[in-house]
Amino acid sequence: MIIFLIAFVILLVIGVPISISIGASAVLGCVSLGYPLVVIGQKMVSGADSFLLIAVPLFILAGNLMNAGKITEKIFDTAKELVGWIPGGLAHSNVVASIIFAGMSGSAVADAGGLGAIEMEAMTKNGYDEDFSGAVTAASSVIGPIFPPSIPLIIYGSVASVSVSELFMGGVIPGILMGVLLMVMIFFYAIKRGYERHPFRLMALLRQFIFSVPALITPLIILSGFTLGWFTPTEASSVAVVYSLLIALFLYRTLDWKAFKKCLLDSALSSANTLFIIGTSTLFTYVMAMEGISKSMADIILGISSNPYVILLVINVLLLVLGMVMEPGAILTLMLPVLLPIASGLGLNLVHFGVIVVLNLMIGQVTPPFGVCLFVISDVNKIKLEHLYRSILPFLIPLLLTLLLVTYVPGIVTWLPTVLLG
């Protein structure tokens, strides 16, 4: 057991990719502990063998099609006309566009790498500090996996056997709350630094809205489908892909064969990485469970306090730290067997707990020094990481405030699923 854990830590420290670190240490654990070798293949396949997980590659493809088909530009232009008149207009447009795009891709990295490049270019051309623009783009990208659809929530639903439709509905209000708090922070910065704003132009807004309606109604189609029972989350991912492809090809005519092939390749690589991590993590958690590690970790957490609020705080801190250094899919698969019994023991609603877990991991994605979205924005927009580290810190305040509200006011998550889905 000690060899198994030490191998995992050493592989992480020397920079081996997380999927390989998890898989290699799990295999070493199986061999050293004398488990039948057939278990290795069985557990890895069973971890990714879920009808629900078909939605993961499809939502990734939908986000890539939106970016390649220039549909994200239409979204940003509409957001600019809608909120560009507020002080710091383009920064507010950045947040609103991220909320809309969140309803199509479900991925923070897709938002940061695709829509983020468009937002950054527009902001820097209009006199916004590059560091400020990068920080706003990184912070707003976190909304993607909270507001439905959400790839991490799909993985959570698969592992925890919780309704993904309820999880998606539970993420709506926290996603909007996060956007509002980010816009309040932007407003104060804009007043202090004198950032420009555009005049409100009703006719321009109407023209842009009409032109962009086919792109803007994608989240509405997905959310309506869950609420009215037209399709399941997995079927919704197929709808998102087909709809994105149709409007990019035939309405806007912005997607060619070369770009389409690149979308397929990029989506296949991202999906393979995510599903491989889920498979290796399933094997890793099997070894942890068999050796009693999962139970020991749960006992340690519960031994800290008998107060549910304190336990939730401890879980939040643990997930925030893990979210800074590990891939969300791996954390979900590794930690949920430990955390779910604790949540059930505390009497928590598992939909509420799922949104708490994913929100923690997404904040970790933009927390220095290892937040992956910071690396993406730095690479795409050629910003020095050390500058981005400093500028993102104030924007962690509204994100952490959202986390505290969601953690200790369950109704923020549970009200909408209860009203719409019963």
# chains A, B, ... in the order shown; residues from 1 in each chain; ligands from 1
>>> residues_around(residues="A:Ile301", least_positions_apart="3", cutoff="9 Å", atoms="only C-alpha atoms", output="PyMOL selection string")
chain A and resi 296-298+304-305+311+314-315+342
>>> closest_atom_pairs(of="stretch 180-199 of chain A", to="stretch 398-416 of chain A", cutoff="12 Å", atoms="only C-alpha atoms", output="CSV")
residue,atom,partner,partner_atom,distance
A:Val180,CA,A:Pro398,CA,9.0
A:Leu181,CA,A:Pro398,CA,5.4
A:Leu182,CA,A:Pro398,CA,5.8
A:Met183,CA,A:Pro398,CA,9.2
A:Val184,CA,A:Pro398,CA,8.7
A:Met185,CA,A:Pro398,CA,7.4
A:Ile186,CA,A:Pro398,CA,10.4
>>> write_last_selection(atoms="N, CA and C atoms", output="compact mmCIF listing (two decimals), in the first residue's frame")
# COMPACT_ATOMS: atom_id res chain seq x y z
N VAL A 180 -22.83 38.02 -11.91
CA VAL A 180 -23.22 39.31 -11.33
C VAL A 180 -22.13 39.83 -10.40
N LEU A 181 -21.58 38.98 -9.54
CA LEU A 181 -20.54 39.41 -8.61
C LEU A 181 -19.26 39.81 -9.34
N LEU A 182 -18.93 39.10 -10.42
CA LEU A 182 -17.77 39.50 -11.22
C LEU A 182 -18.00 40.87 -11.86
N MET A 183 -19.23 41.13 -12.31
CA MET A 183 -19.53 42.42 -12.93
C MET A 183 -19.48 43.56 -11.91
N VAL A 184 -19.84 43.29 -10.65
CA VAL A 184 -19.71 44.31 -9.60
C VAL A 184 -18.24 44.67 -9.41
N MET A 185 -17.38 43.64 -9.36
CA MET A 185 -15.93 43.89 -9.23
C MET A 185 -15.41 44.69 -10.42
N ILE A 186 -15.84 44.33 -11.62
CA ILE A 186 -15.41 45.04 -12.83
C ILE A 186 -15.86 46.50 -12.78
>>> select_by_dssp(residues="stretch 26-271 of chain A", states="alpha helix (DSSP H)", output="number ranges by chain")
A: 26-32, 38-48, 55-68, 71-83, 89-105, 108-110, 116-125, 130-141, 151-160, 164-170, 172-193, 202-216, 218-228, 233-246, 257-271
>>> residues_around(residues="stretch 68-72 of chain A", least_positions_apart="2", cutoff="9 Å", atoms="only C-alpha atoms", output="number ranges by chain")
A: 63-66, 74-77, 97, 101, 114-115, 118, 212, 215, 244-245, 247-249, 252-256, 259-260, 262-263
>>> atom_distance(atom1="atom CA of A:Leu251", atom2="atom CA of A:Ser238")
19.0 Å
>>> atom_distance(atom1="atom CA of A:Asn126", atom2="atom CA of A:Arg390")
21.7 Å
>>> closest_residue(among="A:Leu269, A:Ala138, A:Val83, A:Val27", to="A:Ile40", atoms="only C-alpha atoms")
A:Val27
>>> atom_distance(atom1="atom CA of A:Ile277", atom2="atom CA of A:Leu361")
15.7 Å
>>> closest_residue(among="A:Ile383, A:Leu421, A:Ile100, A:Val241", to="A:Gly134", atoms="only C-alpha atoms")
A:Ile383
